[in-house]
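Worksheet for the structure shown next.
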Amino acid sequence: MEIKYRLMTIEDYKQAYDLWILCGNGLNDKDDSEEGIDKYLKRNPNTSFVATCDNIVVGVILCGHDGRRGIIQHACVSPDYRRYGIGSKLVELALGALKDEGINKVLLVAFKKNEDGNAFWESQGFTLREDLNYRNKALAEMVRIDPDYVKE
């Protein structure tokens with residue numbers, strides 16, 4: 001099995017989106033639409049990556065920054081391709097790209113119920129912050145695309 005890594009482009013959107021759905025990433029109809037991801041990739045053209053096997057996207061990491069802090073979003077590896085170091089390599093590529101752009105700190109959000117994901121992030125050196133609260137405010141009406149979402 002030969003895995004290749006490269007920058008994510010909008011041409012990867014359909015396969016990446018299907019993988020995000022398969023992996024249960026919390027999505028919405030605005031930010032995660034093709035238009036939303038295209039805007040994100042244009043703003044952050046050098047920090048998001050895909051892993052492919054036989055031209056099929058088997059891993060993806062959506063990563064960017066605001067000029068001060070990096071953020072990792074929608075990172076996942078196909079269940080059939082886990083335990084081969086693909087996730088670790090995607091993280092390595094994204095963190096290296098952030099460093100190259102002068103970013104010194106990165107954050108991510110992981111669902112509490114995602115035990116495998118949280119264990120992975122801990123193995124990558126990401127620590128759990130218990131001294132802050134994560135807050136959201138929608139500026140537009142959005143539809144959540146997450147079968148396990150429970151509105152609070």
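Each chain in the structure tokens gets a letter, A, B and so on, in the order shown; residues start at 1 in every chain, and ligands are counted from 1 in the order they appear.
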field: Residue neighbourhood region 109-116 of chain A, 9 Å, only C-alpha atoms, exclusion window fewer than 3 positions, as a VMD selection string
entry: chain A and resid 25 to 26 71 to 73 119 to 121 134
query: Near Leu90 (chain A), counting only C-alpha atoms, which residues have an atom at most 12 Å away, once you skip same-chain residues fewer than 5 positions from it, shown as a list of chain:residue names?
result: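 The residues satisfying every condition are A:Ile3, A:Lys4, A:Tyr5, A:Arg6, A:Leu7, A:Met8, A:Thr47, A:Ser48, A:Phe49, A:Val50, A:Ala51, A:Thr52, A:Val58, A:Gly59, A:Val60, A:Ile61, A:Leu62, A:Cys63, A:Ile72, A:His74, A:Ala75, A:Cys76, A:Val77, A:Tyr84, A:Gly85, A:Leu95, A:Gly96, A:Ala97, A:Gln124.
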- prompt: For the atom pair CA of Asn104 (chain A) and CA of Arg129 (chain A), what is the interatomic distance in Å to one decimal place?
  reply: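 About the pair CA of Asn104 (chain A) and CA of Arg129 (chain A): they are 17.1 Å apart.
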task: Identify which of the residues A:Ala140, A:Leu128, A:Met1, A:Leu107 lies closest to Asn55 (chain A), counting only C-alpha atoms when measuring atom-to-atom distances.
output: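 That would be A:Met1, the residue with the smallest distance to Asn55 (chain A).
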- prompt: region 1-140 of chain A: which residues are strand (DSSP E or B) by DSSP, as an MDAnalysis selection string?
  reply: chainID A and resid 4:7 27:28 49:53 56:65 70:77 106:108
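Closest approach to Lys42 (chain A) from the set A:Ile56, A:Ile10, A:Leu132, A:Val91 is made by A:Ile10, with distances taken over only C-alpha atoms.
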